[in-house]
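Source file: final.pdb (PDB, C-alpha atoms)
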```
ATOM      1  CA  MET A 996     -43.521   1.936  14.180
ATOM      2  CA  SER A 997     -39.861   1.726  15.248
ATOM      3  CA  PHE A 998     -36.900   2.733  13.109
ATOM      4  CA  GLY A 999     -33.405   1.289  13.095
ATOM      5  CA  PRO A1000     -30.090   3.144  13.024
ATOM      6  CA  PRO A1001     -29.537   5.800  10.333
ATOM      7  CA  ALA A1002     -27.590   3.319   8.160
ATOM      8  CA  MET A1003     -30.388   0.773   8.216
ATOM      9  CA  GLY A1004     -31.440  -0.013   4.659
ATOM     10  CA  TYR A1005     -28.842   2.177   2.963
ATOM     11  CA  ASP A1006     -25.956  -0.272   3.466
ATOM     12  CA  ARG A1007     -27.678  -3.308   1.957
ATOM     13  CA  ALA A1008     -26.598  -2.574  -1.611
ATOM     14  CA  ILE A1009     -23.688  -0.744  -3.177
ATOM     15  CA  THR A1010     -26.004   1.177  -5.507
ATOM     16  CA  ILE A1011     -27.954   2.965  -2.762
ATOM     17  CA  PHE A1012     -26.947   6.423  -1.551
ATOM     18  CA  SER A1013     -27.950   7.526   1.923
ATOM     19  CA  PRO A1014     -29.875  10.821   2.191
ATOM     20  CA  ASP A1015     -26.646  12.619   3.137
ATOM     21  CA  GLY A1016     -24.835  11.354   0.030
ATOM     22  CA  ARG A1017     -22.836   8.521   1.571
ATOM     23  CA  ILE A1018     -22.258   4.989   0.308
ATOM     24  CA  TYR A1019     -21.932   2.934   3.448
ATOM     25  CA  GLN A1020     -20.432  -0.136   1.790
ATOM     26  CA  VAL A1021     -17.486   1.965   0.627
ATOM     27  CA  GLU A1022     -17.037   3.346   4.135
ATOM     28  CA  TYR A1023     -17.050  -0.190   5.509
ATOM     29  CA  ALA A1024     -14.260  -1.020   3.041
ATOM     30  CA  PHE A1025     -12.233   1.875   4.459
ATOM     31  CA  GLU A1026     -12.767   0.372   7.915
ATOM     32  CA  ALA A1027     -11.254  -2.914   6.685
ATOM     33  CA  VAL A1028      -8.159  -0.930   5.676
ATOM     34  CA  ARG A1029      -7.972   0.812   9.050
ATOM     35  CA  ARG A1030      -7.930  -2.607  10.759
ATOM     36  CA  GLY A1031      -5.041  -3.884   8.618
ATOM     37  CA  TRP A1032      -1.388  -4.268   9.558
ATOM     38  CA  THR A1033       0.575  -1.023   9.700
ATOM     39  CA  THR A1034       1.980  -0.232   6.244
ATOM     40  CA  ILE A1035       4.227   2.698   5.306
ATOM     41  CA  GLY A1036       5.403   4.162   2.005
ATOM     42  CA  LEU A1037       8.003   6.912   1.543
ATOM     43  CA  LYS A1038       9.936   8.513  -1.262
ATOM     44  CA  GLY A1039      13.028  10.663  -1.130
ATOM     45  CA  ARG A1040      15.695  12.076  -3.364
ATOM     46  CA  GLY A1041      17.390   8.688  -3.601
ATOM     47  CA  GLY A1042      14.384   6.451  -4.284
ATOM     48  CA  ALA A1043      11.204   4.976  -2.827
ATOM     49  CA  VAL A1044      10.639   2.616   0.117
ATOM     50  CA  VAL A1045       7.819   0.557   1.629
ATOM     51  CA  VAL A1046       8.002  -0.760   5.198
ATOM     52  CA  VAL A1047       5.437  -3.229   6.524
ATOM     53  CA  GLU A1048       4.618  -4.753   9.882
ATOM     54  CA  LYS A1049       4.184  -8.546   9.998
ATOM     55  CA  ARG A1050       2.321 -10.388  12.747
ATOM     56  CA  ARG A1051       2.331 -14.025  13.782
ATOM     57  CA  ILE A1052      -1.371 -14.751  13.396
ATOM     58  CA  SER A1053      -1.103 -18.338  14.643
ATOM     59  CA  PRO A1054       1.700 -20.537  16.054
ATOM     60  CA  LEU A1055       0.738 -23.179  13.482
ATOM     61  CA  VAL A1056       1.192 -20.928  10.444
ATOM     62  CA  ASP A1057       4.520 -21.068   8.596
ATOM     63  CA  PHE A1058       5.514 -17.463   9.233
ATOM     64  CA  THR A1059       8.081 -17.427   6.427
ATOM     65  CA  THR A1060       5.331 -17.760   3.813
ATOM     66  CA  ILE A1061       3.543 -14.565   4.854
ATOM     67  CA  GLN A1062       4.347 -11.837   2.324
ATOM     68  CA  LYS A1063       3.087  -8.250   2.218
ATOM     69  CA  ILE A1064       5.413  -6.674  -0.364
ATOM     70  CA  PHE A1065       5.389  -7.741  -4.018
ATOM     71  CA  ARG A1066       7.158  -6.811  -7.234
ATOM     72  CA  VAL A1067       4.739  -5.798  -9.987
ATOM     73  CA  ASP A1068       7.347  -4.944 -12.599
ATOM     74  CA  GLU A1069      11.110  -4.549 -12.443
ATOM     75  CA  HIS A1070      10.754  -0.889 -11.488
ATOM     76  CA  ILE A1071       7.563  -1.013  -9.368
ATOM     77  CA  GLY A1072       6.685  -2.670  -6.075
ATOM     78  CA  VAL A1073       3.435  -2.735  -4.141
ATOM     79  CA  THR A1074       2.114  -3.424  -0.677
ATOM     80  CA  PHE A1075      -1.346  -3.186   0.864
ATOM     81  CA  ALA A1076      -3.416  -2.955   4.030
ATOM     82  CA  GLY A1077      -6.824  -4.549   4.427
ATOM     83  CA  ILE A1078      -8.283  -7.804   3.140
ATOM     84  CA  ALA A1079      -5.347  -9.885   1.881
ATOM     85  CA  SER A1080      -7.369 -11.831  -0.691
ATOM     86  CA  ASP A1081      -8.542  -8.588  -2.311
ATOM     87  CA  GLY A1082      -4.964  -7.352  -2.404
ATOM     88  CA  ARG A1083      -3.755 -10.568  -4.044
ATOM     89  CA  VAL A1084      -6.311 -10.325  -6.868
ATOM     90  CA  LEU A1085      -5.515  -6.665  -7.560
ATOM     91  CA  ILE A1086      -1.767  -7.326  -7.554
ATOM     92  CA  ASP A1087      -2.252 -10.048 -10.157
ATOM     93  CA  HIS A1088      -4.287  -7.574 -12.234
ATOM     94  CA  ALA A1089      -1.565  -4.929 -11.872
ATOM     95  CA  ARG A1090       1.062  -7.390 -13.112
ATOM     96  CA  ILE A1091      -0.997  -8.183 -16.192
ATOM     97  CA  VAL A1092      -1.505  -4.477 -16.924
ATOM     98  CA  ALA A1093       2.229  -3.797 -16.600
ATOM     99  CA  LEU A1094       3.090  -6.747 -18.851
ATOM    100  CA  GLN A1095       0.562  -5.772 -21.536
ATOM    101  CA  HIS A1096       1.784  -2.170 -21.521
ATOM    102  CA  LYS A1097       5.385  -3.286 -22.035
ATOM    103  CA  PHE A1098       4.340  -5.654 -24.827
ATOM    104  CA  LEU A1099       2.237  -3.038 -26.672
ATOM    105  CA  TYR A1100       4.417   0.042 -26.256
ATOM    106  CA  ASP A1101       7.872  -1.501 -25.719
ATOM    107  CA  GLU A1102       8.487   0.688 -22.671
ATOM    108  CA  PRO A1103       7.918   0.269 -18.931
ATOM    109  CA  ILE A1104       4.637   1.497 -17.501
ATOM    110  CA  THR A1105       4.641   4.605 -15.323
ATOM    111  CA  VAL A1106       3.709   4.250 -11.663
ATOM    112  CA  GLU A1107       0.814   6.698 -11.940
ATOM    113  CA  TYR A1108      -0.742   4.961 -14.939
ATOM    114  CA  LEU A1109      -0.542   1.590 -13.175
ATOM    115  CA  ALA A1110      -2.203   3.030 -10.070
ATOM    116  CA  LYS A1111      -4.923   4.535 -12.268
ATOM    117  CA  GLN A1112      -5.619   1.198 -13.963
ATOM    118  CA  VAL A1113      -6.035  -0.516 -10.593
ATOM    119  CA  CYS A1114      -8.294   2.298  -9.385
ATOM    120  CA  ASP A1115     -10.484   1.930 -12.469
ATOM    121  CA  ILE A1116     -11.286  -1.596 -11.270
ATOM    122  CA  LYS A1117     -11.813  -0.421  -7.706
ATOM    123  CA  GLN A1118     -14.168   2.352  -8.768
ATOM    124  CA  ALA A1119     -16.220   0.003 -10.940
ATOM    125  CA  TYR A1120     -16.859  -2.139  -7.871
ATOM    126  CA  THR A1121     -18.458   0.826  -6.092
ATOM    127  CA  GLN A1122     -21.307   1.323  -8.556
ATOM    128  CA  HIS A1123     -22.574  -2.082  -9.734
ATOM    129  CA  ALA A1124     -25.195  -4.232  -8.058
ATOM    130  CA  GLY A1125     -24.201  -7.674  -6.903
ATOM    131  CA  VAL A1126     -20.598  -6.756  -6.051
ATOM    132  CA  ARG A1127     -18.824  -5.224  -3.084
ATOM    133  CA  PRO A1128     -15.926  -2.730  -2.925
ATOM    134  CA  PHE A1129     -12.390  -4.026  -2.560
ATOM    135  CA  GLY A1130     -11.530  -3.788   1.121
ATOM    136  CA  VAL A1131      -7.913  -2.933   0.515
ATOM    137  CA  ALA A1132      -5.725   0.133   0.022
ATOM    138  CA  MET A1133      -2.498  -0.268  -1.935
ATOM    139  CA  ILE A1134       0.800   1.621  -2.007
ATOM    140  CA  PHE A1135       2.740   1.591  -5.286
ATOM    141  CA  ALA A1136       6.418   2.566  -5.062
ATOM    142  CA  GLY A1137       8.715   2.844  -8.039
ATOM    143  CA  VAL A1138      10.992   4.907 -10.235
ATOM    144  CA  ASP A1139      10.098   6.030 -13.770
ATOM    145  CA  PHE A1140      11.105   8.884 -16.056
ATOM    146  CA  LYS A1141       9.619  11.347 -13.548
ATOM    147  CA  GLY A1142      11.864  10.080 -10.753
ATOM    148  CA  PRO A1143      10.832   8.389  -7.481
ATOM    149  CA  GLN A1144       7.077   7.819  -7.334
ATOM    150  CA  LEU A1145       4.708   6.871  -4.520
ATOM    151  CA  TYR A1146       0.959   6.396  -5.037
ATOM    152  CA  MET A1147      -1.755   5.189  -2.703
ATOM    153  CA  THR A1148      -5.035   3.767  -4.023
ATOM    154  CA  GLU A1149      -8.178   3.851  -1.881
ATOM    155  CA  PRO A1150     -11.131   1.420  -1.831
ATOM    156  CA  SER A1151     -13.271   4.136  -3.419
ATOM    157  CA  GLY A1152     -11.118   4.171  -6.560
ATOM    158  CA  ARG A1153      -9.279   7.393  -5.816
ATOM    159  CA  TYR A1154      -5.498   7.559  -6.028
ATOM    160  CA  MET A1155      -3.045  10.254  -4.963
ATOM    161  CA  SER A1156       0.689  10.859  -5.024
ATOM    162  CA  TYR A1157       2.415  11.121  -1.649
ATOM    163  CA  TYR A1158       5.799  11.945  -0.205
ATOM    164  CA  ALA A1159       4.980   9.617   2.678
ATOM    165  CA  VAL A1160       1.821   7.718   3.587
ATOM    166  CA  ALA A1161       0.709   5.246   6.240
ATOM    167  CA  LEU A1162      -2.106   2.698   6.255
ATOM    168  CA  GLY A1163      -3.470   0.258   8.772
ATOM    169  CA  GLU A1164      -4.251  -0.014  12.435
ATOM    170  CA  ARG A1165      -1.679   2.455  13.779
ATOM    171  CA  SER A1166      -1.440   4.711  10.761
ATOM    172  CA  GLN A1167      -2.254   7.890  12.677
ATOM    173  CA  VAL A1168       0.731   7.441  15.003
ATOM    174  CA  VAL A1169       2.986   6.936  11.983
ATOM    175  CA  THR A1170       1.498   9.922  10.155
ATOM    176  CA  ASP A1171       2.099  12.191  13.154
ATOM    177  CA  PHE A1172       5.728  11.034  13.334
ATOM    178  CA  LEU A1173       6.325  11.509   9.609
ATOM    179  CA  GLU A1174       4.777  14.969   9.566
ATOM    180  CA  LYS A1175       7.394  16.039  12.115
ATOM    181  CA  ASN A1176      10.428  14.187  10.745
ATOM    182  CA  TYR A1177       9.992  13.703   6.991
ATOM    183  CA  ARG A1178      12.346  15.396   4.516
ATOM    184  CA  PHE A1179      12.476  14.757   0.778
ATOM    185  CA  ASP A1180      16.141  15.648   0.388
ATOM    186  CA  ILE A1181      17.564  12.418   1.877
ATOM    187  CA  ASP A1182      19.239   9.411   0.291
ATOM    188  CA  LEU A1183      17.782   5.914   0.080
ATOM    189  CA  LYS A1184      19.407   4.595   3.262
ATOM    190  CA  ASP A1185      18.053   7.483   5.309
ATOM    191  CA  THR A1186      14.611   6.974   3.761
ATOM    192  CA  ILE A1187      14.679   3.333   4.857
ATOM    193  CA  LYS A1188      15.858   4.392   8.316
ATOM    194  CA  LEU A1189      13.016   6.912   8.597
ATOM    195  CA  GLY A1190      10.469   4.256   7.631
ATOM    196  CA  ILE A1191      11.800   1.828  10.235
ATOM    197  CA  ASN A1192      11.776   4.485  12.947
ATOM    198  CA  ALA A1193       8.223   5.475  12.037
ATOM    199  CA  LEU A1194       7.037   1.861  12.275
ATOM    200  CA  GLN A1195       8.834   1.351  15.589
ATOM    201  CA  LYS A1196       6.936   4.345  17.009
ATOM    202  CA  ALA A1197       3.672   2.655  16.108
ATOM    203  CA  ILE A1198       4.111  -0.923  17.309
ATOM    204  CA  GLU A1199       4.690  -2.143  20.845
ATOM    205  CA  GLU A1200       7.192  -4.941  20.240
ATOM    206  CA  LYS A1201      10.784  -4.382  19.172
ATOM    207  CA  LEU A1202      11.340  -4.614  15.436
ATOM    208  CA  ALA A1203      13.202  -7.665  14.185
ATOM    209  CA  PRO A1204      13.671  -9.337  10.773
ATOM    210  CA  GLU A1205      10.850 -11.722  11.702
ATOM    211  CA  ASN A1206       8.178  -9.035  12.100
ATOM    212  CA  LEU A1207       9.313  -6.582   9.448
ATOM    213  CA  GLU A1208       9.298  -6.466   5.653
ATOM    214  CA  ILE A1209      11.042  -3.845   3.527
ATOM    215  CA  GLY A1210      10.992  -3.087  -0.187
ATOM    216  CA  TYR A1211      13.062  -0.388  -1.886
ATOM    217  CA  ILE A1212      14.155   1.011  -5.239
ATOM    218  CA  SER A1213      16.929   3.476  -6.022
ATOM    219  CA  ILE A1214      16.917   6.078  -8.776
ATOM    220  CA  GLU A1215      20.275   4.778 -10.035
ATOM    221  CA  GLU A1216      19.386   1.100 -10.406
ATOM    222  CA  LYS A1217      15.631   1.482 -11.059
ATOM    223  CA  ARG A1218      14.976  -2.072  -9.920
ATOM    224  CA  PHE A1219      12.628  -2.878  -7.054
ATOM    225  CA  HIS A1220      14.112  -5.121  -4.364
ATOM    226  CA  ILE A1221      12.447  -6.996  -1.524
ATOM    227  CA  ALA A1222      14.952  -7.009   1.321
ATOM    228  CA  THR A1223      16.274 -10.335   2.554
ATOM    229  CA  LYS A1224      16.453 -11.244   6.237
ATOM    230  CA  GLU A1225      20.158 -10.409   6.249
ATOM    231  CA  GLU A1226      19.547  -7.000   4.653
ATOM    232  CA  ILE A1227      16.828  -6.190   7.189
ATOM    233  CA  THR A1228      19.238  -7.070  10.003
ATOM    234  CA  THR A1229      21.750  -4.617   8.505
ATOM    235  CA  PHE A1230      19.094  -1.907   8.159
ATOM    236  CA  LEU A1231      18.071  -2.331  11.801
ATOM    237  CA  LYS A1232      21.693  -1.949  12.931
ATOM    238  CA  TYR A1233      22.079   1.110  10.706
TER
END
```

Mind turning this structure into structure tokens?
Amino acid sequence: MSFGPPAMGYDRAITIFSPDGRIYQVEYAFEAVRRGWTTIGLKGRGGAVVVVEKRRISPLVDFTTIQKIFRVDEHIGVTFAGIASDGRVLIDHARIVALQHKFLYDEPITVEYLAKQVCDIKQAYTQHAGVRPFGVAMIFAGVDFKGPQLYMTEPSGRYMSYYAVALGERSQVVTDFLEKNYRFDIDLKDTIKLGINALQKAIEEKLAPENLEIGYISIEEKRFHIATKEEITTFLKY
């Protein structure tokens, strides 16, 4: 009698643990994130920033309609790496959670609580038969009463606060760069500059407004902005 690879049989359902305590479907979801476009989140003294690589996937696709950074609430933005359809559904859920919280409590939701609510959904999809994990990791950036906040949510349902974090295909190159160059005590412009430099280290082509997306929020204004093409051009010159 012949036997297949060690994962054979244990990756056919989300409810089956392997003998060494692994859930292969969740690990496959992490692989979907690792294959995504390079995505960076940073926070500094002056605010929080997300910087995202954009690729032209086909000459027939209207490139201007491709969006990777979204506003969840006035003071929170989000981006993701992995399966775009999964990210879209979770972003819609996050918007509903933020709206309901504001309606019930008459105050804006905190970034951590929003990340936790999204992770509750993610975790539920790692333990029920007939479903699969969300193949997407998300970065929430915002400012609340605690100051600048940056949270990353994993496909497993875990979330953590970061000073800087990178997702996607070339995330390790970005992480190595940030570990050497990151400082918290910098203003918002320098945080944006650091994110752009980190992304440029990771990708082969020269950064331009067409292949770059930037979102940012300052501690003074507390309003998340998605940079326009003109703003990105200015940031690249800076």

Applied to the shown file, which residues does the PyMOL selection byres ((chain A and resi 1157) around 9) return, written as a list in words?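 Answer for the PyMOL selection byres ((chain A and resi 1157) around 9): Gly1036, Leu1037, Lys1038, Gln1144, Leu1145, Tyr1146, Met1147, Met1155, Ser1156, Tyr1158, Ala1159 and Val1160 of chain A.
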
Write a file of the just-selected residues containing C-alpha atoms, as an mmCIF file, in the frame of the given file.
```cif
data_model
loop_
_atom_site.group_PDB
_atom_site.id
_atom_site.type_symbol
_atom_site.label_atom_id
_atom_site.label_comp_id
_atom_site.auth_asym_id
_atom_site.auth_seq_id
_atom_site.Cartn_x
_atom_site.Cartn_y
_atom_site.Cartn_z
ATOM 1 C CA GLY A 1036 5.403 4.162 2.005
ATOM 2 C CA LEU A 1037 8.003 6.912 1.543
ATOM 3 C CA LYS A 1038 9.936 8.513 -1.262
ATOM 4 C CA GLN A 1144 7.077 7.819 -7.334
ATOM 5 C CA LEU A 1145 4.708 6.871 -4.520
ATOM 6 C CA TYR A 1146 0.959 6.396 -5.037
ATOM 7 C CA MET A 1147 -1.755 5.189 -2.703
ATOM 8 C CA MET A 1155 -3.045 10.254 -4.963
ATOM 9 C CA SER A 1156 0.689 10.859 -5.024
ATOM 10 C CA TYR A 1158 5.799 11.945 -0.205
ATOM 11 C CA ALA A 1159 4.980 9.617 2.678
ATOM 12 C CA VAL A 1160 1.821 7.718 3.587
#
```

Excluding region 1119-1127 of chain A and any residue of its chain fewer than 3 positions from it, enumerate the residues within 9 Å of it, using all atoms listed in the file, and give them as a PDB file with C-alpha atoms, keeping the file's coordinate frame.
```pdb
ATOM      1  CA  ALA A1008     -26.598  -2.574  -1.611  1.00  0.00           C
ATOM      2  CA  ILE A1009     -23.688  -0.744  -3.177  1.00  0.00           C
ATOM      3  CA  THR A1010     -26.004   1.177  -5.507  1.00  0.00           C
ATOM      4  CA  ILE A1011     -27.954   2.965  -2.762  1.00  0.00           C
ATOM      5  CA  ILE A1018     -22.258   4.989   0.308  1.00  0.00           C
ATOM      6  CA  GLN A1020     -20.432  -0.136   1.790  1.00  0.00           C
ATOM      7  CA  VAL A1021     -17.486   1.965   0.627  1.00  0.00           C
ATOM      8  CA  ALA A1024     -14.260  -1.020   3.041  1.00  0.00           C
ATOM      9  CA  CYS A1114      -8.294   2.298  -9.385  1.00  0.00           C
ATOM     10  CA  ASP A1115     -10.484   1.930 -12.469  1.00  0.00           C
ATOM     11  CA  ILE A1116     -11.286  -1.596 -11.270  1.00  0.00           C
ATOM     12  CA  GLY A1130     -11.530  -3.788   1.121  1.00  0.00           C
ATOM     13  CA  PRO A1150     -11.131   1.420  -1.831  1.00  0.00           C
ATOM     14  CA  SER A1151     -13.271   4.136  -3.419  1.00  0.00           C
ATOM     15  CA  GLY A1152     -11.118   4.171  -6.560  1.00  0.00           C
TER      16      GLY A1152
END
```

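For the atom pair formed by CA of Glu1208 (chain A) and CA of Glu1048 (chain A), the distance is 6.5 Å, given to one decimal.
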
Between A:Ala1136, A:Val1044, A:Ile1227, A:Ala1161, which one has atoms that come closest to Ala1197 (chain A), using all atoms listed in the file?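 Of all the options, A:Ala1161 lies closest to Ala1197 (chain A).
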
Would you give me, as CSV, each residue of region 1172-1232 of chain A having an atom within 8 Å of an atom of region 1066-1081 of chain A, along with its shortest atom pair and that distance in Å to one decimal, using all atoms listed in the file and sorting by chain and residue number?
```
residue,atom,partner,partner_atom,distance
A:Gly1210,CA,A:Gly1072,CA,7.3
A:Tyr1211,CA,A:Gly1072,CA,8.0
A:Ile1212,CA,A:His1070,CA,7.4
A:Lys1217,CA,A:His1070,CA,5.4
A:Arg1218,CA,A:His1070,CA,4.7
A:Phe1219,CA,A:His1070,CA,5.2
A:His1220,CA,A:Arg1066,CA,7.7
A:Ile1221,CA,A:Arg1066,CA,7.8
```
